[in-house]
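Written below as C-alpha coordinates is the structure these notes are about.
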Amino acid sequence: MLQQTRVEAVREYYLRFLETLPTVADLAASPEDVCLKLWEGLGYYSRVRNLRKAAIAVMEHYNGQIPGTKEELEKLPGIGSYTASAIASIAFGQRTPSVDGNLLRVYARLFCSPEPLHAKGLRQKAEAFYRAEIPPDRPGDFNQAMMDLGATVCLPTGNPLCDRCPLSGECLAHQKGRETAYPVPEPAKVRPVTDLTVFLLRKTDTAGNVLTAVRRRPPHGLLAGLYEFPNAEGKLSVKEARQLVTAAGLTPGTVRRLPPAKHIFTHREWHMTGYEIAVTGEAIPDARLQFLTRECIREQTSVPSAFSAYMERL
(Lines give C-alpha, C1' and ligand atoms only; values in the text may rest on other atoms or scores of the structure.)
Protein backbone atom coordinates (compact mmCIF):
# COMPACT_ATOMS: atom_id res chain seq x y z
CA MET A 1 0.00 0.00 0.00
CA LEU A 2 2.87 2.38 0.69
CA GLN A 3 4.14 2.12 -2.87
CA GLN A 4 3.14 5.45 -4.45
CA THR A 5 0.82 6.37 -1.52
CA ARG A 6 1.44 8.48 1.60
CA VAL A 7 1.33 6.90 5.06
CA GLU A 8 -1.51 9.19 6.15
CA ALA A 9 -3.69 7.96 3.30
CA VAL A 10 -2.92 4.30 3.94
CA ARG A 11 -3.65 3.85 7.66
CA GLU A 12 -7.40 3.24 7.49
CA TYR A 13 -7.10 1.07 4.38
CA TYR A 14 -4.40 -1.04 6.02
CA LEU A 15 -6.45 -1.74 9.14
CA ARG A 16 -9.60 -2.50 7.14
CA PHE A 17 -7.68 -4.77 4.76
CA LEU A 18 -6.11 -6.78 7.60
CA GLU A 19 -9.40 -7.04 9.43
CA THR A 20 -11.04 -8.58 6.35
CA LEU A 21 -8.05 -10.60 5.09
CA PRO A 22 -5.75 -11.22 8.10
CA THR A 23 -3.55 -13.97 6.61
CA VAL A 24 -1.82 -14.84 3.37
CA ALA A 25 -4.19 -17.80 3.02
CA ASP A 26 -7.23 -15.52 3.40
CA LEU A 27 -5.88 -13.16 0.75
CA ALA A 28 -5.11 -15.99 -1.66
CA ALA A 29 -8.63 -17.40 -1.30
CA SER A 30 -10.45 -14.07 -1.63
CA PRO A 31 -12.27 -13.09 -4.83
CA GLU A 32 -10.59 -10.31 -6.81
CA ASP A 33 -13.68 -8.10 -6.44
CA VAL A 34 -13.32 -8.18 -2.64
CA CYS A 35 -9.69 -7.03 -2.90
CA LEU A 36 -10.56 -4.27 -5.36
CA LYS A 37 -13.33 -2.97 -3.11
CA LEU A 38 -11.01 -2.90 -0.08
CA TRP A 39 -8.47 -1.01 -2.19
CA GLU A 40 -10.97 1.45 -3.69
CA GLY A 41 -9.55 4.97 -3.55
CA LEU A 42 -5.86 4.03 -3.21
CA GLY A 43 -5.26 4.01 -6.97
CA TYR A 44 -2.73 1.99 -8.99
CA TYR A 45 -5.01 -1.04 -8.77
CA SER A 46 -2.44 -3.35 -10.35
CA ARG A 47 -0.79 -3.31 -6.90
CA VAL A 48 -3.68 -5.12 -5.19
CA ARG A 49 -4.04 -7.55 -8.08
CA ASN A 50 -0.35 -8.40 -7.75
CA LEU A 51 -0.69 -8.62 -3.96
CA ARG A 52 -3.38 -11.27 -4.40
CA LYS A 53 -1.35 -13.08 -7.09
CA ALA A 54 1.68 -13.07 -4.78
CA ALA A 55 -0.40 -14.57 -1.95
CA ILE A 56 -1.59 -17.33 -4.29
CA ALA A 57 2.03 -18.00 -5.34
CA VAL A 58 3.11 -18.18 -1.68
CA MET A 59 0.40 -20.75 -0.97
CA GLU A 60 1.15 -22.81 -4.09
CA HIS A 61 4.96 -22.68 -4.22
CA TYR A 62 6.17 -21.84 -0.69
CA ASN A 63 3.79 -23.89 1.47
CA GLY A 64 2.11 -20.72 2.72
CA GLN A 65 5.36 -19.22 4.09
CA ILE A 66 6.63 -15.94 2.66
CA PRO A 67 10.21 -16.48 1.40
CA GLY A 68 12.95 -14.72 3.35
CA THR A 69 15.51 -13.78 0.69
CA LYS A 70 15.49 -10.89 -1.73
CA GLU A 71 16.06 -13.25 -4.65
CA GLU A 72 13.01 -15.40 -3.87
CA LEU A 73 10.82 -12.42 -2.99
CA GLU A 74 11.52 -10.84 -6.39
CA LYS A 75 9.96 -13.89 -8.04
CA LEU A 76 6.57 -12.97 -6.57
CA PRO A 77 4.20 -10.79 -8.65
CA GLY A 78 4.44 -7.08 -7.92
CA ILE A 79 7.62 -7.24 -5.83
CA GLY A 80 10.60 -5.38 -7.26
CA SER A 81 14.07 -4.74 -5.92
CA TYR A 82 13.08 -2.05 -3.38
CA THR A 83 10.15 -3.93 -1.86
CA ALA A 84 12.05 -7.23 -1.83
CA SER A 85 14.96 -5.60 0.00
CA ALA A 86 12.64 -3.93 2.51
CA ILE A 87 10.89 -7.21 3.36
CA ALA A 88 14.13 -9.24 3.40
CA SER A 89 15.95 -6.80 5.68
CA ILE A 90 13.13 -5.77 8.04
CA ALA A 91 11.34 -9.12 8.38
CA PHE A 92 14.22 -11.55 7.87
CA GLY A 93 17.41 -9.64 8.79
CA GLN A 94 19.00 -9.99 5.34
CA ARG A 95 21.78 -7.47 4.67
CA THR A 96 20.43 -5.78 1.54
CA PRO A 97 19.80 -2.04 1.07
CA SER A 98 16.25 -0.94 0.29
CA VAL A 99 16.77 2.03 -2.01
CA ASP A 100 13.64 4.11 -2.55
CA GLY A 101 13.20 7.74 -3.56
CA ASN A 102 14.07 8.88 -0.05
CA LEU A 103 17.42 7.10 -0.05
CA LEU A 104 18.18 8.33 -3.57
CA ARG A 105 17.52 11.93 -2.47
CA VAL A 106 19.76 11.58 0.59
CA TYR A 107 22.55 10.14 -1.56
CA ALA A 108 22.16 12.85 -4.22
CA ARG A 109 22.58 15.58 -1.57
CA LEU A 110 25.40 13.83 0.25
CA PHE A 111 27.52 13.73 -2.91
CA CYS A 112 26.01 16.54 -5.06
CA SER A 113 25.16 13.94 -7.67
CA PRO A 114 24.67 15.44 -11.17
CA GLU A 115 22.13 12.80 -12.29
CA PRO A 116 18.34 13.20 -11.97
CA LEU A 117 16.61 11.15 -9.27
CA HIS A 118 15.46 8.33 -11.53
CA ALA A 119 18.65 8.02 -13.59
CA LYS A 120 20.01 4.48 -13.70
CA GLY A 121 23.52 5.66 -12.86
CA LEU A 122 22.38 7.39 -9.69
CA ARG A 123 20.58 4.29 -8.46
CA GLN A 124 23.59 2.05 -9.14
CA LYS A 125 25.94 4.33 -7.21
CA ALA A 126 23.47 4.78 -4.35
CA GLU A 127 22.90 1.04 -3.99
CA ALA A 128 26.67 0.41 -3.91
CA PHE A 129 27.10 3.11 -1.24
CA TYR A 130 24.31 1.86 1.02
CA ARG A 131 25.36 -1.77 0.58
CA ALA A 132 28.80 -0.87 1.93
CA GLU A 133 27.32 1.08 4.86
CA ILE A 134 24.53 -1.27 5.99
CA PRO A 135 25.44 -2.98 9.30
CA PRO A 136 25.28 -6.80 9.31
CA ASP A 137 23.49 -7.01 12.66
CA ARG A 138 20.70 -4.43 12.09
CA PRO A 139 19.96 -4.15 8.35
CA GLY A 140 16.23 -3.59 8.83
CA ASP A 141 16.78 -0.80 11.34
CA PHE A 142 19.30 0.82 9.00
CA ASN A 143 16.91 0.77 6.03
CA GLN A 144 14.02 2.11 8.09
CA ALA A 145 16.21 4.83 9.61
CA MET A 146 17.36 6.00 6.19
CA MET A 147 13.79 5.95 4.83
CA ASP A 148 12.64 8.06 7.79
CA LEU A 149 15.61 10.40 7.42
CA GLY A 150 14.59 11.08 3.83
CA ALA A 151 10.87 11.35 4.61
CA THR A 152 11.05 13.57 7.72
CA VAL A 153 14.42 15.40 7.69
CA CYS A 154 15.96 15.44 4.20
CA LEU A 155 12.64 16.66 2.85
CA PRO A 156 11.66 16.38 -0.82
CA THR A 157 9.94 19.79 -0.90
CA GLY A 158 10.87 23.02 0.80
CA ASN A 159 14.04 23.36 2.84
CA PRO A 160 15.45 20.17 4.38
CA LEU A 161 15.88 20.20 8.18
CA CYS A 162 19.68 20.10 8.12
CA ASP A 163 20.00 21.15 11.77
CA ARG A 164 18.35 17.84 12.71
CA CYS A 165 20.29 15.67 10.28
CA PRO A 166 22.98 13.32 11.66
CA LEU A 167 24.71 13.36 8.25
CA SER A 168 24.86 17.15 7.80
CA GLY A 169 28.58 17.22 8.61
CA GLU A 170 29.29 14.88 5.70
CA CYS A 171 26.79 16.34 3.22
CA LEU A 172 28.41 18.17 0.30
CA ALA A 173 25.18 19.94 -0.66
CA HIS A 174 24.84 21.29 2.88
CA GLN A 175 28.47 22.41 2.97
CA LYS A 176 27.88 24.38 -0.23
CA GLY A 177 24.50 25.72 0.92
CA ARG A 178 22.85 24.14 -2.13
CA GLU A 179 20.62 21.52 -0.53
CA THR A 180 17.56 22.38 -2.63
CA ALA A 181 19.56 22.11 -5.88
CA TYR A 182 19.70 18.33 -5.41
CA PRO A 183 18.53 15.96 -6.65
CA VAL A 184 18.85 17.52 -10.10
CA PRO A 185 15.31 18.07 -11.50
CA GLU A 186 13.95 15.57 -13.99
CA PRO A 187 13.34 16.84 -17.55
CA ALA A 188 9.77 18.14 -17.77
CA LYS A 189 7.28 15.75 -19.37
CA VAL A 190 4.04 16.80 -20.98
CA ARG A 191 1.02 14.71 -19.90
CA PRO A 192 -1.37 13.99 -22.79
CA VAL A 193 -4.91 15.21 -22.16
CA THR A 194 -7.99 13.18 -23.09
CA ASP A 195 -11.42 14.79 -23.30
CA LEU A 196 -14.08 12.45 -21.97
CA THR A 197 -17.86 12.72 -21.73
CA VAL A 198 -19.32 10.84 -18.75
CA PHE A 199 -22.96 9.82 -18.48
CA LEU A 200 -25.05 9.40 -15.33
CA LEU A 201 -27.91 7.43 -16.88
CA ARG A 202 -30.86 7.24 -14.50
CA LYS A 203 -34.05 5.25 -14.59
CA THR A 204 -36.70 4.14 -12.11
CA ASP A 205 -37.68 0.50 -11.61
CA THR A 206 -41.17 -0.82 -10.91
CA ALA A 207 -40.59 -0.53 -7.15
CA GLY A 208 -39.75 3.16 -7.46
CA ASN A 209 -36.00 2.76 -6.92
CA VAL A 210 -33.76 5.14 -8.83
CA LEU A 211 -31.10 3.14 -10.69
CA THR A 212 -27.87 4.41 -12.24
CA ALA A 213 -25.91 2.77 -15.05
CA VAL A 214 -22.39 1.43 -14.49
CA ARG A 215 -20.25 -0.92 -16.50
CA ARG A 216 -17.07 -2.87 -15.95
CA ARG A 217 -13.92 -1.74 -17.72
CA PRO A 218 -11.96 -4.26 -19.83
CA PRO A 219 -9.68 -6.71 -17.93
CA HIS A 220 -6.50 -5.11 -19.28
CA GLY A 221 -5.20 -1.55 -19.51
CA LEU A 222 -5.92 1.57 -17.48
CA LEU A 223 -8.18 0.92 -14.44
CA ALA A 224 -8.60 -2.66 -15.63
CA GLY A 225 -11.61 -4.54 -14.29
CA LEU A 226 -12.99 -1.65 -12.25
CA TYR A 227 -16.45 -0.16 -12.61
CA GLU A 228 -17.13 3.14 -14.33
CA PHE A 229 -19.99 5.32 -15.42
CA PRO A 230 -20.51 4.93 -19.17
CA ASN A 231 -18.42 7.40 -21.11
CA ALA A 232 -17.13 8.27 -24.55
CA GLU A 233 -14.07 10.11 -25.78
CA GLY A 234 -14.54 13.71 -26.82
CA LYS A 235 -16.38 16.72 -25.46
CA LEU A 236 -19.90 15.95 -26.65
CA SER A 237 -22.70 18.46 -27.01
CA VAL A 238 -26.16 17.79 -25.55
CA LYS A 239 -27.38 16.72 -28.99
CA GLU A 240 -24.44 14.34 -29.46
CA ALA A 241 -24.94 12.93 -25.97
CA ARG A 242 -28.61 12.19 -26.68
CA GLN A 243 -27.67 10.54 -29.98
CA LEU A 244 -25.12 8.28 -28.26
CA VAL A 245 -27.64 7.21 -25.61
CA THR A 246 -30.19 6.43 -28.33
CA ALA A 247 -27.59 4.38 -30.22
CA ALA A 248 -27.11 2.34 -27.04
CA GLY A 249 -30.75 1.25 -27.22
CA LEU A 250 -32.09 3.65 -24.59
CA THR A 251 -34.60 6.48 -24.86
CA PRO A 252 -33.23 9.72 -23.38
CA GLY A 253 -35.48 12.10 -21.50
CA THR A 254 -34.40 15.09 -19.42
CA VAL A 255 -30.72 16.01 -19.83
CA ARG A 256 -28.86 17.93 -17.13
CA ARG A 257 -25.35 19.22 -17.73
CA LEU A 258 -22.97 18.48 -14.83
CA PRO A 259 -20.01 20.65 -13.73
CA PRO A 260 -16.74 19.85 -15.53
CA ALA A 261 -14.29 17.56 -13.75
CA LYS A 262 -10.61 16.69 -14.11
CA HIS A 263 -8.50 13.75 -13.00
CA ILE A 264 -4.71 13.63 -13.20
CA PHE A 265 -3.02 10.25 -13.56
CA THR A 266 0.75 9.84 -13.42
CA HIS A 267 1.15 9.92 -17.18
CA ARG A 268 -2.11 11.43 -18.49
CA GLU A 269 -5.05 13.69 -17.69
CA TRP A 270 -8.78 13.31 -18.19
CA HIS A 271 -10.84 16.46 -18.73
CA MET A 272 -14.45 15.39 -18.28
CA THR A 273 -17.79 16.73 -19.41
CA GLY A 274 -20.77 15.19 -17.64
CA TYR A 275 -24.47 14.70 -18.33
CA GLU A 276 -27.18 13.34 -16.06
CA ILE A 277 -29.82 11.83 -18.31
CA ALA A 278 -33.16 10.23 -17.45
CA VAL A 279 -33.62 7.16 -19.66
CA THR A 280 -36.08 4.37 -20.34
CA GLY A 281 -35.65 1.02 -22.09
CA GLU A 282 -32.90 -1.60 -22.00
CA ALA A 283 -29.37 -1.01 -23.34
CA ILE A 284 -29.24 -4.12 -25.52
CA PRO A 285 -26.17 -3.17 -27.63
CA ASP A 286 -23.95 -2.80 -24.53
CA ALA A 287 -24.15 -6.04 -22.54
CA ARG A 288 -21.74 -4.64 -19.91
CA LEU A 289 -24.19 -1.94 -18.82
CA GLN A 290 -25.90 -2.57 -15.48
CA PHE A 291 -28.49 -0.39 -13.73
CA LEU A 292 -27.91 -0.53 -9.96
CA THR A 293 -29.11 1.29 -6.88
CA ARG A 294 -26.91 3.92 -5.26
CA GLU A 295 -26.28 1.61 -2.29
CA CYS A 296 -25.22 -1.26 -4.51
CA ILE A 297 -22.80 0.94 -6.45
CA ARG A 298 -21.24 2.31 -3.26
CA GLU A 299 -21.03 -0.97 -1.35
CA GLN A 300 -20.51 -3.69 -3.97
CA THR A 301 -18.64 -2.18 -6.90
CA SER A 302 -15.16 -0.67 -7.15
CA VAL A 303 -15.37 2.74 -8.83
CA PRO A 304 -11.97 4.47 -9.12
CA SER A 305 -11.41 7.97 -7.79
CA ALA A 306 -11.16 9.24 -11.38
CA PHE A 307 -14.98 9.27 -11.28
CA SER A 308 -15.29 10.74 -7.76
CA ALA A 309 -17.05 13.88 -9.01
CA TYR A 310 -19.80 11.69 -10.43
CA MET A 311 -19.93 9.39 -7.41
CA GLU A 312 -20.79 12.50 -5.39
CA ARG A 313 -23.85 13.00 -7.61
CA LEU A 314 -25.23 9.69 -6.34
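Chain labels follow the order of the C-alpha coordinates: the first chain is A, the next B, and so on; residue numbering restarts at 1 in every chain, and ligands are counted from 1 in their shown order.
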May I have all residues of range 87-278 of chain A that DSSP, computed from the backbone, assigns to alpha helix (DSSP H), given as a PyMOL selection string? chain A and resi 87-92+101-111+120-133+139-152+172-175+238-247
At a cut-off of 12 Å, using only C-alpha atoms, what residues contact Ala181 in chain A? Leave out same-chain residues fewer than 6 positions from it and give the result as a PDB file with N, CA, C and O atoms, in the first residue's frame.
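Dumped everything to around-v1.pdb:
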ATOM      1  N   ARG A 105      17.402  10.490  -2.728  1.00  0.00           N
ATOM      2  CA  ARG A 105      17.516  11.931  -2.470  1.00  0.00           C
ATOM      3  C   ARG A 105      18.625  12.210  -1.458  1.00  0.00           C
ATOM      4  O   ARG A 105      19.426  13.136  -1.632  1.00  0.00           O
ATOM      5  N   ALA A 108      21.901  11.772  -3.270  1.00  0.00           N
ATOM      6  CA  ALA A 108      22.163  12.853  -4.222  1.00  0.00           C
ATOM      7  C   ALA A 108      22.665  14.104  -3.512  1.00  0.00           C
ATOM      8  O   ALA A 108      23.551  14.815  -4.020  1.00  0.00           O
ATOM      9  N   ARG A 109      22.141  14.392  -2.315  1.00  0.00           N
ATOM     10  CA  ARG A 109      22.579  15.575  -1.571  1.00  0.00           C
ATOM     11  C   ARG A 109      23.925  15.340  -0.876  1.00  0.00           C
ATOM     12  O   ARG A 109      24.761  16.244  -0.817  1.00  0.00           O
ATOM     13  N   LEU A 110      24.123  14.125  -0.390  1.00  0.00           N
ATOM     14  CA  LEU A 110      25.401  13.830   0.254  1.00  0.00           C
ATOM     15  C   LEU A 110      26.571  14.065  -0.687  1.00  0.00           C
ATOM     16  O   LEU A 110      27.629  14.571  -0.285  1.00  0.00           O
ATOM     17  N   PHE A 111      26.397  13.699  -1.965  1.00  0.00           N
ATOM     18  CA  PHE A 111      27.517  13.730  -2.912  1.00  0.00           C
ATOM     19  C   PHE A 111      27.315  14.714  -4.062  1.00  0.00           C
ATOM     20  O   PHE A 111      28.074  14.679  -5.034  1.00  0.00           O
ATOM     21  N   CYS A 112      26.287  15.589  -3.969  1.00  0.00           N
ATOM     22  CA  CYS A 112      26.007  16.538  -5.061  1.00  0.00           C
ATOM     23  C   CYS A 112      25.977  15.822  -6.409  1.00  0.00           C
ATOM     24  O   CYS A 112      26.649  16.224  -7.372  1.00  0.00           O
ATOM     25  N   SER A 113      25.208  14.762  -6.460  1.00  0.00           N
ATOM     26  CA  SER A 113      25.164  13.937  -7.669  1.00  0.00           C
ATOM     27  C   SER A 113      24.551  14.713  -8.837  1.00  0.00           C
ATOM     28  O   SER A 113      23.501  15.352  -8.684  1.00  0.00           O
ATOM     29  N   PRO A 114      25.170  14.664 -10.023  1.00  0.00           N
ATOM     30  CA  PRO A 114      24.667  15.440 -11.166  1.00  0.00           C
ATOM     31  C   PRO A 114      23.505  14.768 -11.903  1.00  0.00           C
ATOM     32  O   PRO A 114      22.909  15.386 -12.782  1.00  0.00           O
ATOM     33  N   GLU A 115      23.184  13.504 -11.568  1.00  0.00           N
ATOM     34  CA  GLU A 115      22.130  12.799 -12.293  1.00  0.00           C
ATOM     35  C   GLU A 115      20.752  13.071 -11.678  1.00  0.00           C
ATOM     36  O   GLU A 115      20.634  13.254 -10.467  1.00  0.00           O
ATOM     37  N   PRO A 116      19.704  13.092 -12.501  1.00  0.00           N
ATOM     38  CA  PRO A 116      18.338  13.202 -11.972  1.00  0.00           C
ATOM     39  C   PRO A 116      18.004  12.000 -11.090  1.00  0.00           C
ATOM     40  O   PRO A 116      18.655  10.952 -11.154  1.00  0.00           O
ATOM     41  N   LEU A 117      16.951  12.134 -10.295  1.00  0.00           N
ATOM     42  CA  LEU A 117      16.610  11.149  -9.271  1.00  0.00           C
ATOM     43  C   LEU A 117      16.409   9.749  -9.834  1.00  0.00           C
ATOM     44  O   LEU A 117      16.795   8.759  -9.214  1.00  0.00           O
ATOM     45  N   PRO A 156      11.687  16.257   0.634  1.00  0.00           N
ATOM     46  CA  PRO A 156      11.658  16.376  -0.821  1.00  0.00           C
ATOM     47  C   PRO A 156      11.215  17.751  -1.304  1.00  0.00           C
ATOM     48  O   PRO A 156      11.578  18.175  -2.399  1.00  0.00           O
ATOM     49  N   THR A 157      10.402  18.458  -0.519  1.00  0.00           N
ATOM     50  CA  THR A 157       9.937  19.786  -0.903  1.00  0.00           C
ATOM     51  C   THR A 157      10.280  20.773   0.203  1.00  0.00           C
ATOM     52  O   THR A 157      10.358  20.430   1.380  1.00  0.00           O
ATOM     53  N   GLY A 158      10.478  22.019  -0.188  1.00  0.00           N
ATOM     54  CA  GLY A 158      10.874  23.023   0.796  1.00  0.00           C
ATOM     55  C   GLY A 158      12.308  22.826   1.239  1.00  0.00           C
ATOM     56  O   GLY A 158      13.090  22.104   0.616  1.00  0.00           O
ATOM     57  N   ASN A 159      12.668  23.453   2.330  1.00  0.00           N
ATOM     58  CA  ASN A 159      14.036  23.361   2.836  1.00  0.00           C
ATOM     59  C   ASN A 159      14.191  22.149   3.740  1.00  0.00           C
ATOM     60  O   ASN A 159      13.414  21.970   4.679  1.00  0.00           O
ATOM     61  N   PRO A 160      15.206  21.312   3.495  1.00  0.00           N
ATOM     62  CA  PRO A 160      15.453  20.175   4.384  1.00  0.00           C
ATOM     63  C   PRO A 160      15.865  20.660   5.768  1.00  0.00           C
ATOM     64  O   PRO A 160      16.398  21.761   5.935  1.00  0.00           O
ATOM     65  N   LEU A 172      27.791  17.165   1.162  1.00  0.00           N
ATOM     66  CA  LEU A 172      28.413  18.173   0.297  1.00  0.00           C
ATOM     67  C   LEU A 172      27.425  19.275  -0.059  1.00  0.00           C
ATOM     68  O   LEU A 172      27.803  20.455  -0.121  1.00  0.00           O
ATOM     69  N   ALA A 173      26.171  18.917  -0.301  1.00  0.00           N
ATOM     70  CA  ALA A 173      25.182  19.937  -0.662  1.00  0.00           C
ATOM     71  C   ALA A 173      24.988  20.915   0.503  1.00  0.00           C
ATOM     72  O   ALA A 173      24.846  22.128   0.294  1.00  0.00           O
ATOM     73  N   HIS A 174      24.997  20.413   1.713  1.00  0.00           N
ATOM     74  CA  HIS A 174      24.842  21.289   2.879  1.00  0.00           C
ATOM     75  C   HIS A 174      26.071  22.177   3.054  1.00  0.00           C
ATOM     76  O   HIS A 174      25.946  23.381   3.359  1.00  0.00           O
TER      77      HIS A 174
END
Residue nearest Tyr107 in chain A among A:Glu299, A:Asp195, A:Glu170, A:Glu269 (counting only C-alpha atoms):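 For Tyr107 in chain A, the nearest of the given residues is A:Glu170.
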So the first atom is CA of Tyr275 in chain A and the second is CA of Val245 in chain A; what is the distance between them in Å, to one decimal place?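 Rounded to one decimal, the two atoms are 10.9 Å apart.
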Write out as a list in words the residues lying within 10 Å of Ser308 in chain A, counting only C-alpha atoms and excluding same-chain residues fewer than 4 positions away.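 Contacts, in chain order: Gly41, Ala261, Lys262, His263, Val303, Pro304, Glu312 and Arg313 of chain A.
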Can you write out the residues you just picked, keeping N, CA and C atoms, as a tab-separated table (two decimals), in the first residue's frame?
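Final output, saved to out_35.tsv:
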chain	number	residue	atom	x	y	z
A	41	GLY	N	-10.00	3.66	-3.97
A	41	GLY	CA	-9.55	4.97	-3.55
A	41	GLY	C	-8.04	5.10	-3.41
A	261	ALA	N	-15.16	18.22	-14.73
A	261	ALA	CA	-14.29	17.56	-13.75
A	261	ALA	C	-12.97	17.22	-14.42
A	262	LYS	N	-11.95	17.03	-13.59
A	262	LYS	CA	-10.61	16.69	-14.11
A	262	LYS	C	-9.99	15.65	-13.20
A	263	HIS	N	-9.27	14.70	-13.80
A	263	HIS	CA	-8.50	13.75	-13.00
A	263	HIS	C	-7.11	13.62	-13.61
A	303	VAL	N	-15.42	1.63	-7.89
A	303	VAL	CA	-15.37	2.74	-8.83
A	303	VAL	C	-14.14	3.58	-8.51
A	304	PRO	N	-13.21	3.74	-9.43
A	304	PRO	CA	-11.97	4.47	-9.12
A	304	PRO	C	-12.22	5.94	-8.85
A	312	GLU	N	-20.16	11.55	-6.30
A	312	GLU	CA	-20.79	12.50	-5.39
A	312	GLU	C	-22.22	12.80	-5.82
A	313	ARG	N	-22.50	12.73	-7.12
A	313	ARG	CA	-23.85	13.00	-7.61
A	313	ARG	C	-24.84	11.91	-7.18
Mind giving me the straight-line distance from CA of Asp141 in chain A to CA of Ala128 in chain A in Å, one decimal?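 Calculated distance between CA of Asp141 in chain A and CA of Ala128 in chain A is 18.2 Å.
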So how far away is CA of Ala126 in chain A from CA of Leu103 in chain A, in Å?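 A separation of 7.8 Å between them.
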